[in-house]
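S.K.: Okay, so here is target.pdb, and as you'll see once you scroll down, it has PDB, C-alpha atoms, pLDDT in the B column.
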ATOM      1  CA  MET S   1     123.002 109.932  95.805  1.00 47.00           C
ATOM      2  CA  THR S   2     119.964 112.050  96.426  1.00 59.00           C
ATOM      3  CA  GLY S   3     117.214 111.458  98.924  1.00 92.00           C
ATOM      4  CA  ILE S   4     113.502 111.008  98.427  1.00 98.00           C
ATOM      5  CA  GLU S   5     111.223 112.633 100.996  1.00 97.00           C
ATOM      6  CA  LEU S   6     108.686 110.008 102.097  1.00 98.00           C
ATOM      7  CA  SER S   7     105.814 110.885 104.445  1.00 98.00           C
ATOM      8  CA  SER S   8     102.286 109.917 105.448  1.00 98.00           C
ATOM      9  CA  ASP S   9      99.214 111.795 106.635  1.00 97.00           C
ATOM     10  CA  ALA S  10      98.410 108.734 108.773  1.00 97.00           C
ATOM     11  CA  PHE S  11     101.528 108.711 110.983  1.00 98.00           C
ATOM     12  CA  ASN S  12     104.769 110.602 111.522  1.00 98.00           C
ATOM     13  CA  ASP S  13     108.239 109.097 111.259  1.00 97.00           C
ATOM     14  CA  HIS S  14     108.869 106.802 114.254  1.00 98.00           C
ATOM     15  CA  SER S  15     105.302 107.171 115.575  1.00 98.00           C
ATOM     16  CA  PHE S  16     102.566 104.578 115.981  1.00 98.00           C
ATOM     17  CA  ILE S  17     100.484 103.323 113.061  1.00 98.00           C
ATOM     18  CA  ALA S  18      96.706 103.232 113.694  1.00 97.00           C
ATOM     19  CA  ARG S  19      94.828  99.926 113.967  1.00 97.00           C
ATOM     20  CA  ARG S  20      93.019 100.815 110.704  1.00 97.00           C
ATOM     21  CA  TYR S  21      96.219  99.851 108.846  1.00 98.00           C
ATOM     22  CA  ALA S  22      96.918  96.709 110.903  1.00 98.00           C
ATOM     23  CA  TYR S  23      96.318  93.131 109.811  1.00 97.00           C
ATOM     24  CA  GLU S  24      93.798  92.514 112.613  1.00 95.00           C
ATOM     25  CA  GLY S  25      92.042  95.794 111.790  1.00 96.00           C
ATOM     26  CA  PRO S  26      90.565  96.843 108.447  1.00 97.00           C
ATOM     27  CA  ASN S  27      94.043  96.163 106.967  1.00 98.00           C
ATOM     28  CA  VAL S  28      94.042  99.239 104.716  1.00 98.00           C
ATOM     29  CA  SER S  29      97.355 100.340 103.244  1.00 98.00           C
ATOM     30  CA  PRO S  30      98.362 103.770 104.589  1.00 98.00           C
ATOM     31  CA  PRO S  31      98.515 106.890 102.438  1.00 98.00           C
ATOM     32  CA  LEU S  32     102.027 107.881 101.372  1.00 98.00           C
ATOM     33  CA  ALA S  33     103.442 110.990  99.711  1.00 98.00           C
ATOM     34  CA  TRP S  34     106.861 111.464  98.146  1.00 98.00           C
ATOM     35  CA  SER S  35     109.005 114.058  96.443  1.00 98.00           C
ATOM     36  CA  GLY S  36     112.590 114.385  95.248  1.00 97.00           C
ATOM     37  CA  VAL S  37     112.539 111.507  92.764  1.00 97.00           C
ATOM     38  CA  PRO S  38     115.416 111.911  90.268  1.00 96.00           C
ATOM     39  CA  ASP S  39     114.308 112.913  86.765  1.00 96.00           C
ATOM     40  CA  ASP S  40     116.127 109.956  85.227  1.00 96.00           C
ATOM     41  CA  ALA S  41     114.358 107.306  87.335  1.00 97.00           C
ATOM     42  CA  ALA S  42     112.794 104.519  85.259  1.00 97.00           C
ATOM     43  CA  GLU S  43     110.543 103.241  88.053  1.00 98.00           C
ATOM     44  CA  LEU S  44     109.911 103.339  91.771  1.00 98.00           C
ATOM     45  CA  VAL S  45     109.800 100.306  94.055  1.00 98.00           C
ATOM     46  CA  LEU S  46     108.043 100.349  97.414  1.00 98.00           C
ATOM     47  CA  LEU S  47     108.906  97.941 100.217  1.00 98.00           C
ATOM     48  CA  CYS S  48     107.407  97.815 103.700  1.00 98.00           C
ATOM     49  CA  GLU S  49     109.296  95.464 105.977  1.00 98.00           C
ATOM     50  CA  ASP S  50     109.425  94.502 109.655  1.00 98.00           C
ATOM     51  CA  PRO S  51     112.972  93.590 110.724  1.00 98.00           C
ATOM     52  CA  ASP S  52     111.697  92.806 114.261  1.00 97.00           C
ATOM     53  CA  ALA S  53     109.599  89.814 113.147  1.00 96.00           C
ATOM     54  CA  PRO S  54     110.450  86.623 115.088  1.00 95.00           C
ATOM     55  CA  SER S  55     111.155  84.609 111.921  1.00 93.00           C
ATOM     56  CA  GLY S  56     113.351  87.295 110.346  1.00 95.00           C
ATOM     57  CA  THR S  57     112.577  90.365 108.271  1.00 97.00           C
ATOM     58  CA  PHE S  58     108.972  90.162 107.062  1.00 98.00           C
ATOM     59  CA  ALA S  59     107.791  91.790 103.810  1.00 98.00           C
ATOM     60  CA  HIS S  60     104.422  93.512 104.347  1.00 98.00           C
ATOM     61  CA  TRP S  61     104.138  95.257 100.970  1.00 98.00           C
ATOM     62  CA  VAL S  62     106.193  95.031  97.773  1.00 98.00           C
ATOM     63  CA  VAL S  63     105.156  97.168  94.806  1.00 98.00           C
ATOM     64  CA  VAL S  64     107.185  97.398  91.582  1.00 98.00           C
ATOM     65  CA  GLY S  65     106.732  99.461  88.430  1.00 98.00           C
ATOM     66  CA  ILE S  66     105.485 102.596  90.192  1.00 98.00           C
ATOM     67  CA  ASP S  67     105.354 105.656  87.939  1.00 98.00           C
ATOM     68  CA  PRO S  68     108.446 107.758  88.767  1.00 98.00           C
ATOM     69  CA  HIS S  69     106.447 110.922  87.976  1.00 97.00           C
ATOM     70  CA  SER S  70     103.855 110.120  90.654  1.00 98.00           C
ATOM     71  CA  ASP S  71     103.895 111.815  94.037  1.00 98.00           C
ATOM     72  CA  GLY S  72     102.023 109.441  96.306  1.00 98.00           C
ATOM     73  CA  VAL S  73      99.236 106.980  96.927  1.00 98.00           C
ATOM     74  CA  GLU S  74      95.939 107.292  98.803  1.00 98.00           C
ATOM     75  CA  ALA S  75      94.993 104.910 101.627  1.00 98.00           C
ATOM     76  CA  GLY S  76      93.861 101.520 100.356  1.00 98.00           C
ATOM     77  CA  GLN S  77      95.089 102.143  96.811  1.00 98.00           C
ATOM     78  CA  ILE S  78      97.875 100.748  94.628  1.00 98.00           C
ATOM     79  CA  PRO S  79     100.612 103.296  93.814  1.00 98.00           C
ATOM     80  CA  PRO S  80     100.202 104.716  90.264  1.00 98.00           C
ATOM     81  CA  GLY S  81     101.412 102.230  87.640  1.00 98.00           C
ATOM     82  CA  GLY S  82     102.454  99.778  90.333  1.00 98.00           C
ATOM     83  CA  THR S  83     102.133  96.019  90.507  1.00 98.00           C
ATOM     84  CA  GLU S  84     101.710  94.524  93.962  1.00 98.00           C
ATOM     85  CA  LEU S  85     103.707  91.361  94.585  1.00 98.00           C
ATOM     86  CA  VAL S  86     103.012  88.634  97.144  1.00 98.00           C
ATOM     87  CA  ASN S  87     103.775  89.664 100.738  1.00 98.00           C
ATOM     88  CA  GLY S  88     104.984  87.559 103.655  1.00 97.00           C
ATOM     89  CA  TYR S  89     101.397  86.470 104.397  1.00 97.00           C
ATOM     90  CA  GLY S  90     101.262  84.843 100.955  1.00 97.00           C
ATOM     91  CA  GLN S  91      98.806  87.453  99.615  1.00 97.00           C
ATOM     92  CA  HIS S  92      99.126  90.047  96.852  1.00 96.00           C
ATOM     93  CA  GLY S  93      99.233  93.612  98.135  1.00 97.00           C
ATOM     94  CA  TRP S  94      99.328  95.165 101.575  1.00 98.00           C
ATOM     95  CA  GLY S  95      99.451  93.029 104.695  1.00 98.00           C
ATOM     96  CA  GLY S  96      99.404  95.240 107.759  1.00 98.00           C
ATOM     97  CA  PRO S  97     101.345  95.050 111.007  1.00 98.00           C
ATOM     98  CA  HIS S  98     100.651  91.974 113.154  1.00 97.00           C
ATOM     99  CA  PRO S  99     103.429  91.520 115.722  1.00 97.00           C
ATOM    100  CA  PRO S 100     103.071  88.844 118.384  1.00 96.00           C
ATOM    101  CA  PRO S 101     101.003  90.040 121.381  1.00 96.00           C
ATOM    102  CA  GLY S 102     103.217  91.306 124.184  1.00 96.00           C
ATOM    103  CA  ASP S 103     106.223  92.057 121.957  1.00 97.00           C
ATOM    104  CA  ASP S 104     107.823  95.468 122.205  1.00 97.00           C
ATOM    105  CA  ALA S 105     106.682  97.754 119.401  1.00 98.00           C
ATOM    106  CA  HIS S 106     107.869  96.523 116.006  1.00 98.00           C
ATOM    107  CA  HIS S 107     109.386  98.901 113.449  1.00 98.00           C
ATOM    108  CA  TYR S 108     107.780  99.028 109.995  1.00 98.00           C
ATOM    109  CA  PHE S 109     110.179 100.473 107.444  1.00 98.00           C
ATOM    110  CA  PHE S 110     108.473 101.947 104.385  1.00 98.00           C
ATOM    111  CA  ARG S 111     111.203 102.300 101.760  1.00 98.00           C
ATOM    112  CA  LEU S 112     110.740 103.923  98.375  1.00 98.00           C
ATOM    113  CA  TYR S 113     113.491 103.354  95.824  1.00 98.00           C
ATOM    114  CA  ALA S 114     114.088 105.176  92.535  1.00 98.00           C
ATOM    115  CA  LEU S 115     115.705 102.833  90.021  1.00 98.00           C
ATOM    116  CA  SER S 116     117.608 103.435  86.793  1.00 97.00           C
ATOM    117  CA  GLU S 117     115.846 100.487  85.121  1.00 96.00           C
ATOM    118  CA  PRO S 118     112.968  98.171  86.076  1.00 96.00           C
ATOM    119  CA  ALA S 119     113.459  95.699  88.905  1.00 95.00           C
ATOM    120  CA  VAL S 120     113.360  91.977  88.200  1.00 94.00           C
ATOM    121  CA  LEU S 121     111.865  90.132  91.167  1.00 96.00           C
ATOM    122  CA  PRO S 122     110.031  86.863  91.779  1.00 96.00           C
ATOM    123  CA  ASP S 123     106.271  87.129  92.415  1.00 96.00           C
ATOM    124  CA  ALA S 124     106.784  86.532  96.152  1.00 97.00           C
ATOM    125  CA  PRO S 125     110.132  88.135  97.016  1.00 97.00           C
ATOM    126  CA  ARG S 126     111.680  88.107 100.449  1.00 96.00           C
ATOM    127  CA  ALA S 127     112.787  91.499 101.773  1.00 97.00           C
ATOM    128  CA  ASP S 128     116.459  90.596 101.249  1.00 96.00           C
ATOM    129  CA  GLN S 129     115.763  89.786  97.572  1.00 97.00           C
ATOM    130  CA  VAL S 130     114.216  93.236  97.121  1.00 97.00           C
ATOM    131  CA  HIS S 131     117.271  94.859  98.711  1.00 97.00           C
ATOM    132  CA  GLU S 132     119.667  92.895  96.486  1.00 96.00           C
ATOM    133  CA  GLU S 133     117.729  93.833  93.351  1.00 95.00           C
ATOM    134  CA  VAL S 134     117.372  97.546  94.083  1.00 95.00           C
ATOM    135  CA  GLU S 135     121.046  97.905  94.971  1.00 95.00           C
ATOM    136  CA  LYS S 136     121.904  97.047  91.344  1.00 94.00           C
ATOM    137  CA  ARG S 137     119.786  99.907  89.948  1.00 95.00           C
ATOM    138  CA  HIS S 138     119.594 102.342  92.879  1.00 95.00           C
ATOM    139  CA  LEU S 139     119.416 106.090  92.164  1.00 96.00           C
ATOM    140  CA  ALA S 140     117.776 107.414  95.348  1.00 97.00           C
ATOM    141  CA  ASP S 141     115.606 106.296  98.239  1.00 97.00           C
ATOM    142  CA  GLY S 142     113.515 107.520 101.117  1.00 97.00           C
ATOM    143  CA  THR S 143     112.435 105.852 104.351  1.00 97.00           C
ATOM    144  CA  LEU S 144     109.539 106.335 106.761  1.00 98.00           C
ATOM    145  CA  VAL S 145     109.290 104.247 109.932  1.00 98.00           C
ATOM    146  CA  GLY S 146     106.046 103.420 111.722  1.00 98.00           C
ATOM    147  CA  LEU S 147     105.596 101.516 114.969  1.00 98.00           C
ATOM    148  CA  TYR S 148     102.965  98.985 115.959  1.00 98.00           C
ATOM    149  CA  GLN S 149     102.344  96.915 119.069  1.00 97.00           C
ATOM    150  CA  ARG S 150      99.592  94.537 120.159  1.00 95.00           C
TER
END
Could you spell out this file's structure in structure tokens?
M.R.:
Amino acid sequence: MTGIELSSDAFNDHSFIARRYAYEGPNVSPPLAWSGVPDDAAELVLLCEDPDAPSGTFAHWVVVGIDPHSDGVEAGQIPPGGTELVNGYGQHGWGGPHPPPGDDAHHYFFRLYALSEPAVLPDAPRADQVHEEVEKRHLADGTLVGLYQR
């Protein structure tokens, strides 16, 4: 398995995400860049999840059908060719960090998966459903972790 390099101009791996991208802020999706996608990938799937959420892993952003020849997405935009599914807030698209006040910093895992064939997911998938689906078609992946605390 090969690895995808996933990065952001907005934050470094394991550093804090700015309030601009948070749910209580402007709630803008962060910019992301990627490279190293296998040539035979049929699509990319993006998942942002918070495994530290009190009610279990929370899906903040699920995007399917991303063009495997793309190399990133600007802040506040939908990845090229992508379709945003319903997040844990019950809304289509990005839903930024919003941990309970006073919690230790939560970890927001941005995961980009290259798949051999298109993913089949419900319109409002849980994070575990995304993981189960991508495992069936997984070619490569990359991860970027941001932190947020209120």
S.K.: Which of these, S:Tyr23, S:Gln149, S:Phe11, S:Glu43, has the shortest distance to Pro101 (chain S) once you count all atoms listed in the file?
M.R.: S:Gln149
S.K.: Do a neighbour search on region 109-120 of chain S at 8 Å with all atoms listed in the file, toss out local chain neighbours closer than 3 positions, and write the hits as an NGL selection string.
M.R.: :S and (4 or 6 or 37-38 or 40-50 or 64-65 or 68 or 133-134 or 137-146)
S.K.: Let me see the file: selected residues, C-alpha atoms, as an mmCIF file, in the coordinates of the input.
M.R.:
data_model
loop_
_atom_site.group_PDB
_atom_site.id
_atom_site.type_symbol
_atom_site.label_atom_id
_atom_site.label_comp_id
_atom_site.auth_asym_id
_atom_site.auth_seq_id
_atom_site.Cartn_x
_atom_site.Cartn_y
_atom_site.Cartn_z
ATOM 1 C CA ILE S 4 113.502 111.008 98.427
ATOM 2 C CA LEU S 6 108.686 110.008 102.097
ATOM 3 C CA VAL S 37 112.539 111.507 92.764
ATOM 4 C CA PRO S 38 115.416 111.911 90.268
ATOM 5 C CA ASP S 40 116.127 109.956 85.227
ATOM 6 C CA ALA S 41 114.358 107.306 87.335
ATOM 7 C CA ALA S 42 112.794 104.519 85.259
ATOM 8 C CA GLU S 43 110.543 103.241 88.053
ATOM 9 C CA LEU S 44 109.911 103.339 91.771
ATOM 10 C CA VAL S 45 109.800 100.306 94.055
ATOM 11 C CA LEU S 46 108.043 100.349 97.414
ATOM 12 C CA LEU S 47 108.906 97.941 100.217
ATOM 13 C CA CYS S 48 107.407 97.815 103.700
ATOM 14 C CA GLU S 49 109.296 95.464 105.977
ATOM 15 C CA ASP S 50 109.425 94.502 109.655
ATOM 16 C CA VAL S 64 107.185 97.398 91.582
ATOM 17 C CA GLY S 65 106.732 99.461 88.430
ATOM 18 C CA PRO S 68 108.446 107.758 88.767
ATOM 19 C CA GLU S 133 117.729 93.833 93.351
ATOM 20 C CA VAL S 134 117.372 97.546 94.083
ATOM 21 C CA ARG S 137 119.786 99.907 89.948
ATOM 22 C CA HIS S 138 119.594 102.342 92.879
ATOM 23 C CA LEU S 139 119.416 106.090 92.164
ATOM 24 C CA ALA S 140 117.776 107.414 95.348
ATOM 25 C CA ASP S 141 115.606 106.296 98.239
ATOM 26 C CA GLY S 142 113.515 107.520 101.117
ATOM 27 C CA THR S 143 112.435 105.852 104.351
ATOM 28 C CA LEU S 144 109.539 106.335 106.761
ATOM 29 C CA VAL S 145 109.290 104.247 109.932
ATOM 30 C CA GLY S 146 106.046 103.420 111.722
#
S.K.: Any idea what the distance is between CA of Tyr21 (chain S) and CA of Ser7 (chain S)?
M.R.: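 Atom-to-atom, CA of Tyr21 (chain S) to CA of Ser7 (chain S), that is 15.3 Å.
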S.K.: Convert the output of the PyMOL selection byres ((chain S and resi 79-96) around 10) on the shown file into explicit residues, formatted as an MDAnalysis selection string.
M.R.: chainID S and resid 17 19:32 43:49 57:78 97:99 108 121:127 148
S.K.: Check what the PyMOL selection byres ((chain S and resi 105) around 9) selects in the file above and give those residues as a PyMOL selection string.
M.R.: chain S and resi 16+52+99+102-104+106-107+147-150
S.K.: Just to confirm, what's the straight-line distance from CA of Val130 (chain S) to CA of Ser35 (chain S) in Å (one decimal)?
M.R.: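 Those two atoms sit 21.5 Å apart.
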